[in-house]
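Chemist: This is the structure I want to talk about, given as structure tokens.
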Amino acid sequence: MSYAIVFPGQGAQEVGMGHVFYDSRRVSREAFETADEAIGFPLSGVIFGGPEEELMKTAITQPAILTASIAVLNAVREELGNIGKTLAPAFYAGHSLGEYTALVASGVLSLADAVRLVHKRGELMQSAVPLGRGAMSAVLGLDIEALEEICDEAGGVCIPANVNAPGQIVISGESEAVGRAGELAKERGASKVIPLKVSAPFHCELMRPVADKLEDEFHKFAWSDPSVPIVANVDSSLLASADAIKKALYCQTYSPVMWADGARAMESEGVGLFLEFGPGSVLSGLIKRTCKGKKTMAVNKPEDVAKAVEAIIAIEGPSA
């Protein structure tokens with residue numbers, strides 16, 4: 001049995017996230033200091049002190065969550081290093097934005113470059129669609145086939161954009177189309193349709209212009225092959241080269257996040273423990289619903305670090 005490390009995406013943010021790591025661990029504090037310097041303003045001040053409406057801006061949210069997640073990663077790495085071990089997951093994966101965090105964890109991008117890149121990604125996403133033109137809704141209780149049919153029937157731009165777990169799918173697209181699809185979903189047995197508070201319709205065709213501009217940004221940074229394979233959001237493939245990663249990230253911008261398929265892919269490769277590093281515990285819940293019987297652990301508090309190390313040692317054994 002092996003373990004995988006996963007990173008949360010947009011929606012996990014909260015004012016104050018990571019502050020206890022900043023206060024208690026030098027290696028975590030360095031992550032926030034690196035991000036502040038890279039982005040050119042005190043990002044950590046917004047993360048720790050808000051206001052919430054500032055943190056909720058996509059261009060701030062994305063580097064903020066990435067940085068808070070790497071602060072946790074650094075703490076776990078340090079704790080393992082103290083006993084002569086290294087962090088050696090079978091895979092890294094992340095939900096949407098979290099896929100960029102996985103790149104830092106696996107050495108594809110430096111933290112500074114990743115912060116700059118996702119800050120730009122957020123700006124591009126925010127400006128791609130006029131406010132109010134796009135929308136996203138979570139639909140509970142229907143399978144992907146039923147929702148694909150509903151989205152086609154709704155007309156306009158509307159697709160299942162986040163296939164998160166059985167019976168938990170997010171649709172995205174033009175506001176009117178998403179609204180029509182939501183009503184159809186209720187008529188056809190959805191237990192809930194929840195409009196999401198988002199600033200843009202992510203992972204649908206309306207984001208395709210962002211992908212082209214983002215690809216131009218890729219050329220500004222130094223990329224390396226990953227030390228550990230990355231599980232792609234777009235098709236659950238195991239990415240082992242920088243070129244393959246860039247292609248997957250380009251497509252990810254306007255394509256559905258197939259999170260449930262990615263979790264199953266890791267499960268099929270022998271992963272029995274999923275460790276979620278960063279704010280919140282949403283991914284742990286989704287994986288529990290998708291990979292029945294597999295262990296998950298959300299690591300978002302200092303006291304979680306020792307538990308994560310214990311779980312890793314239980315899999316790998318005590319020797320370095």
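By convention here, the chains of the structure tokens are called A, B, ... in the order presented, each chain's residues are numbered starting at 1, and ligands are numbered starting at 1 in the order presented.
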When you look at Arg180 (chain A) with a cut-off of 9 Å (counting only C-alpha atoms), what residues show up, excluding the ones that are within fewer than 3 positions of it in the same chain? I need them as a PyMOL selection string.

Modeler: chain A and resi 150-151+153-155+175-177+183-185

Chemist: Could those selected residues go to a file with N, CA and C atoms, as an mmCIF file, in the first residue's frame?

Modeler:
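See selection_29.cif below for the written result:
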```cif
data_model
loop_
_atom_site.group_PDB
_atom_site.id
_atom_site.type_symbol
_atom_site.label_atom_id
_atom_site.label_comp_id
_atom_site.auth_asym_id
_atom_site.auth_seq_id
_atom_site.Cartn_x
_atom_site.Cartn_y
_atom_site.Cartn_z
ATOM 1 N N ILE A 150 -28.983 16.823 -19.328
ATOM 2 C CA ILE A 150 -29.655 18.037 -18.867
ATOM 3 C C ILE A 150 -28.950 19.276 -19.410
ATOM 4 N N CYS A 151 -27.631 19.280 -19.357
ATOM 5 C CA CYS A 151 -26.874 20.442 -19.841
ATOM 6 C C CYS A 151 -27.076 20.638 -21.343
ATOM 7 N N GLU A 153 -29.724 19.787 -23.000
ATOM 8 C CA GLU A 153 -31.102 20.243 -23.168
ATOM 9 C C GLU A 153 -31.254 21.713 -22.781
ATOM 10 N N ALA A 154 -30.465 22.148 -21.795
ATOM 11 C CA ALA A 154 -30.559 23.535 -21.320
ATOM 12 C C ALA A 154 -30.128 24.524 -22.391
ATOM 13 N N GLY A 155 -29.276 24.090 -23.312
ATOM 14 C CA GLY A 155 -28.805 24.974 -24.371
ATOM 15 C C GLY A 155 -27.753 25.948 -23.860
ATOM 16 N N SER A 175 -24.937 32.099 -17.314
ATOM 17 C CA SER A 175 -25.861 32.164 -16.173
ATOM 18 C C SER A 175 -27.238 31.597 -16.499
ATOM 19 N N GLU A 176 -27.804 32.007 -17.621
ATOM 20 C CA GLU A 176 -29.158 31.558 -17.966
ATOM 21 C C GLU A 176 -29.185 30.057 -18.223
ATOM 22 N N ALA A 177 -28.174 29.539 -18.897
ATOM 23 C CA ALA A 177 -28.117 28.106 -19.182
ATOM 24 C C ALA A 177 -27.957 27.296 -17.903
ATOM 25 N N GLU A 183 -32.935 23.936 -12.865
ATOM 26 C CA GLU A 183 -34.370 23.638 -12.751
ATOM 27 C C GLU A 183 -34.683 22.255 -13.316
ATOM 28 N N LEU A 184 -34.077 21.928 -14.441
ATOM 29 C CA LEU A 184 -34.280 20.595 -15.020
ATOM 30 C C LEU A 184 -33.761 19.502 -14.079
ATOM 31 N N ALA A 185 -32.636 19.773 -13.440
ATOM 32 C CA ALA A 185 -32.062 18.794 -12.513
ATOM 33 C C ALA A 185 -33.014 18.523 -11.346
#
```

Chemist: For region 84-91 of chain A, list every protein, DNA or RNA residue within 7 Å, evaluated using only C-alpha atoms, and leave out those in the same chain fewer than 3 positions away; present the list as a list in words.

Modeler: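 The filter keeps Ser2, Tyr3, Ala4, Ile5, Arg77, Leu80, Gly81, Val228, Pro229, Ile230, Val231 and Ala320 of chain A.
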
Chemist: Take the residues that were just selected and, keeping N, CA and C atoms, output them as a CSV table (one decimal), in the first residue's frame.

Modeler:
```csv
chain,number,residue,atom,x,y,z
A,2,SER,N,0.4,2.3,-0.7
A,2,SER,CA,1.2,3.5,-0.7
A,2,SER,C,0.2,4.7,-0.3
A,3,TYR,N,0.8,5.9,-0.4
A,3,TYR,CA,0.0,7.1,0.0
A,3,TYR,C,0.1,8.1,-1.1
A,4,ALA,N,-0.9,9.0,-1.2
A,4,ALA,CA,-0.9,10.1,-2.1
A,4,ALA,C,-1.1,11.4,-1.3
A,5,ILE,N,-0.7,12.5,-1.8
A,5,ILE,CA,-0.9,13.8,-1.2
A,5,ILE,C,-1.7,14.7,-2.2
A,77,ARG,N,7.3,17.9,5.9
A,77,ARG,CA,8.6,17.5,5.5
A,77,ARG,C,9.6,17.7,6.6
A,80,LEU,N,9.3,14.9,9.2
A,80,LEU,CA,9.9,13.7,8.8
A,80,LEU,C,11.4,13.7,8.7
A,81,GLY,N,11.9,14.9,8.3
A,81,GLY,CA,13.4,15.0,8.3
A,81,GLY,C,14.0,14.9,9.7
A,228,VAL,N,7.7,13.2,-8.5
A,228,VAL,CA,6.7,12.3,-8.3
A,228,VAL,C,5.6,12.5,-9.3
A,229,PRO,N,5.0,11.5,-9.9
A,229,PRO,CA,3.9,11.8,-10.9
A,229,PRO,C,2.8,12.6,-10.4
A,230,ILE,N,2.2,13.5,-11.3
A,230,ILE,CA,1.1,14.3,-11.0
A,230,ILE,C,-0.1,13.6,-11.7
A,231,VAL,N,-1.2,13.6,-11.0
A,231,VAL,CA,-2.5,13.0,-11.6
A,231,VAL,C,-3.3,14.1,-12.2
A,320,ALA,N,14.7,4.9,7.7
A,320,ALA,CA,14.8,6.0,6.6
A,320,ALA,C,15.0,5.4,5.3
```

Chemist: Determine which residues of region 74-319 of chain A receive a DSSP assignment of strand (DSSP E), computed from the backbone, and state them as JSON, numbers by chain.

Modeler: {"A": [91, 92, 93, 94, 134, 135, 136, 137, 138, 139, 140, 158, 159, 160, 161, 162, 163, 164, 165, 168, 169, 170, 171, 172, 173, 174, 192, 193, 194, 195, 230, 231, 238, 239, 271, 272, 273, 274, 275, 276, 277, 295, 296, 297, 298, 299]}

Chemist: Can you write out the residues you just picked, keeping N, CA and C atoms, as a tab-separated table (two decimals), in the first residue's frame?

Modeler:
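Output saved as again_1.tsv:
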```tsv
chain	number	residue	atom	x	y	z
A	91	PHE	N	1.97	9.64	-5.48
A	91	PHE	CA	1.44	10.65	-6.40
A	91	PHE	C	1.16	11.95	-5.66
A	92	TYR	N	1.19	13.03	-6.41
A	92	TYR	CA	0.62	14.31	-5.98
A	92	TYR	C	-0.56	14.61	-6.89
A	93	ALA	N	-1.58	15.23	-6.32
A	93	ALA	CA	-2.73	15.67	-7.12
A	93	ALA	C	-3.35	16.87	-6.43
A	94	GLY	N	-4.10	17.65	-7.20
A	94	GLY	CA	-4.79	18.80	-6.62
A	94	GLY	C	-6.02	19.12	-7.43
A	134	GLY	N	-21.67	34.61	-16.22
A	134	GLY	CA	-21.40	33.20	-15.96
A	134	GLY	C	-21.86	32.79	-14.57
A	135	ALA	N	-22.02	31.47	-14.38
A	135	ALA	CA	-22.46	30.96	-13.08
A	135	ALA	C	-22.02	29.51	-12.92
A	136	MET	N	-22.04	29.04	-11.69
A	136	MET	CA	-21.77	27.64	-11.37
A	136	MET	C	-22.76	27.18	-10.30
A	137	SER	N	-23.17	25.93	-10.37
A	137	SER	CA	-24.07	25.36	-9.35
A	137	SER	C	-23.65	23.94	-9.05
A	138	ALA	N	-23.71	23.57	-7.78
A	138	ALA	CA	-23.46	22.19	-7.37
A	138	ALA	C	-24.78	21.43	-7.46
A	139	VAL	N	-24.73	20.28	-8.10
A	139	VAL	CA	-25.92	19.44	-8.24
A	139	VAL	C	-25.66	18.13	-7.50
A	140	LEU	N	-26.53	17.83	-6.55
A	140	LEU	CA	-26.37	16.63	-5.73
A	140	LEU	C	-27.44	15.59	-6.10
A	158	CYS	N	-23.10	25.26	-21.09
A	158	CYS	CA	-23.35	24.67	-19.77
A	158	CYS	C	-22.84	23.24	-19.79
A	159	ILE	N	-21.91	22.92	-18.90
A	159	ILE	CA	-21.36	21.57	-18.85
A	159	ILE	C	-21.14	21.14	-17.40
A	160	PRO	N	-21.05	19.83	-17.15
A	160	PRO	CA	-20.56	19.35	-15.85
A	160	PRO	C	-19.07	19.69	-15.75
A	161	ALA	N	-18.72	20.60	-14.86
A	161	ALA	CA	-17.36	21.16	-14.83
A	161	ALA	C	-16.48	20.56	-13.74
A	162	ASN	N	-17.06	20.10	-12.66
A	162	ASN	CA	-16.31	19.43	-11.60
A	162	ASN	C	-17.04	18.13	-11.28
A	163	VAL	N	-16.49	17.01	-11.70
A	163	VAL	CA	-17.09	15.71	-11.36
A	163	VAL	C	-16.36	15.23	-10.11
A	164	ASN	N	-16.89	15.61	-8.95
A	164	ASN	CA	-16.14	15.52	-7.70
A	164	ASN	C	-16.24	14.18	-7.00
A	165	ALA	N	-17.42	13.57	-7.04
A	165	ALA	CA	-17.69	12.31	-6.35
A	165	ALA	C	-19.02	11.80	-6.86
A	168	GLN	N	-22.12	14.13	-6.76
A	168	GLN	CA	-21.70	15.49	-6.40
A	168	GLN	C	-20.95	16.07	-7.59
A	169	ILE	N	-21.68	16.84	-8.40
A	169	ILE	CA	-21.14	17.38	-9.64
A	169	ILE	C	-21.49	18.86	-9.72
A	170	VAL	N	-20.54	19.67	-10.19
A	170	VAL	CA	-20.76	21.11	-10.36
A	170	VAL	C	-20.91	21.40	-11.84
A	171	ILE	N	-21.93	22.18	-12.18
A	171	ILE	CA	-22.12	22.61	-13.57
A	171	ILE	C	-21.66	24.06	-13.71
A	172	SER	N	-21.22	24.41	-14.91
A	172	SER	CA	-20.65	25.74	-15.15
A	172	SER	C	-21.00	26.21	-16.54
A	173	GLY	N	-21.16	27.53	-16.70
A	173	GLY	CA	-21.42	28.09	-18.02
A	173	GLY	C	-22.11	29.43	-17.95
A	174	GLU	N	-22.88	29.73	-18.97
A	174	GLU	CA	-23.63	30.99	-19.01
A	174	GLU	C	-24.72	30.97	-17.96
A	192	LYS	N	-30.47	18.29	-4.36
A	192	LYS	CA	-30.20	19.71	-4.12
A	192	LYS	C	-29.52	20.31	-5.34
A	193	VAL	N	-29.80	21.57	-5.59
A	193	VAL	CA	-29.05	22.37	-6.57
A	193	VAL	C	-28.64	23.65	-5.84
A	194	ILE	N	-27.33	23.84	-5.70
A	194	ILE	CA	-26.82	24.93	-4.87
A	194	ILE	C	-26.02	25.90	-5.74
A	195	PRO	N	-26.55	27.10	-6.02
A	195	PRO	CA	-25.75	28.10	-6.75
A	195	PRO	C	-24.50	28.45	-5.94
A	230	ILE	N	2.24	13.47	-11.28
A	230	ILE	CA	1.07	14.30	-11.00
A	230	ILE	C	-0.13	13.65	-11.68
A	231	VAL	N	-1.24	13.55	-10.97
A	231	VAL	CA	-2.46	13.00	-11.56
A	231	VAL	C	-3.26	14.15	-12.17
A	238	LEU	N	-1.22	9.98	-15.61
A	238	LEU	CA	-0.10	10.19	-14.68
A	238	LEU	C	0.98	10.97	-15.42
A	239	LEU	N	1.16	12.21	-15.02
A	239	LEU	CA	2.04	13.13	-15.74
A	239	LEU	C	3.46	13.03	-15.17
A	271	VAL	N	-2.86	3.11	-3.93
A	271	VAL	CA	-2.93	4.11	-2.85
A	271	VAL	C	-4.03	3.73	-1.86
A	272	GLY	N	-3.66	3.64	-0.60
A	272	GLY	CA	-4.63	3.32	0.44
A	272	GLY	C	-4.82	4.43	1.45
A	273	LEU	N	-3.97	5.48	1.36
A	273	LEU	CA	-4.07	6.63	2.27
A	273	LEU	C	-3.94	7.90	1.44
A	274	PHE	N	-4.90	8.80	1.61
A	274	PHE	CA	-4.88	10.10	0.95
A	274	PHE	C	-4.71	11.18	2.02
A	275	LEU	N	-3.63	11.93	1.92
A	275	LEU	CA	-3.36	13.02	2.85
A	275	LEU	C	-3.67	14.34	2.16
A	276	GLU	N	-4.55	15.14	2.74
A	276	GLU	CA	-4.94	16.43	2.18
A	276	GLU	C	-4.20	17.53	2.93
A	277	PHE	N	-3.31	18.23	2.23
A	277	PHE	CA	-2.52	19.30	2.84
A	277	PHE	C	-3.10	20.65	2.45
A	295	LYS	N	-8.41	5.21	3.48
A	295	LYS	CA	-8.23	6.15	4.59
A	295	LYS	C	-7.89	7.54	4.05
A	296	THR	N	-8.48	8.55	4.63
A	296	THR	CA	-8.16	9.93	4.29
A	296	THR	C	-7.80	10.69	5.56
A	297	MET	N	-7.00	11.72	5.40
A	297	MET	CA	-6.62	12.55	6.55
A	297	MET	C	-6.41	13.98	6.09
A	298	ALA	N	-7.14	14.91	6.67
A	298	ALA	CA	-6.95	16.33	6.39
A	298	ALA	C	-5.91	16.88	7.36
A	299	VAL	N	-4.89	17.49	6.80
A	299	VAL	CA	-3.79	18.03	7.61
A	299	VAL	C	-3.83	19.54	7.46
```

Chemist: Can you tell me, as an MDAnalysis selection string, what residues are no more than 8 Å from region 17-31 of chain A when counting only C-alpha atoms, ignoring any on the same chain fewer than 5 positions away?

Modeler: chainID A and resid 47:48 67:72 74:75 78 111 278:279 300:302

Chemist: Here is a test: counting only C-alpha atoms, which residue of A:Lys294, A:Val129, A:Ser241, A:Glu52 is nearest to Gly270 (chain A)?

Modeler: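 Of A:Lys294, A:Val129, A:Ser241, A:Glu52, the one nearest Gly270 (chain A), counting only C-alpha atoms, is A:Lys294.
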
Chemist: Report as a PyMOL selection string: the residues of region 50-258 of chain A with a DSSP assignment of helix (DSSP H, G or I), based on the backbone of this structure.

Modeler: chain A and resi 52-55+58-81+97-105+111-128+144-154+175-187+205-218+242-252

Chemist: Identify which of the residues A:Ile245, A:Ser199, A:Gly156, A:Val210 lies closest to Glu99 (chain A), counting only C-alpha atoms when measuring atom-to-atom distances.

Modeler: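 The closest residue to Glu99 (chain A) is A:Ile245.
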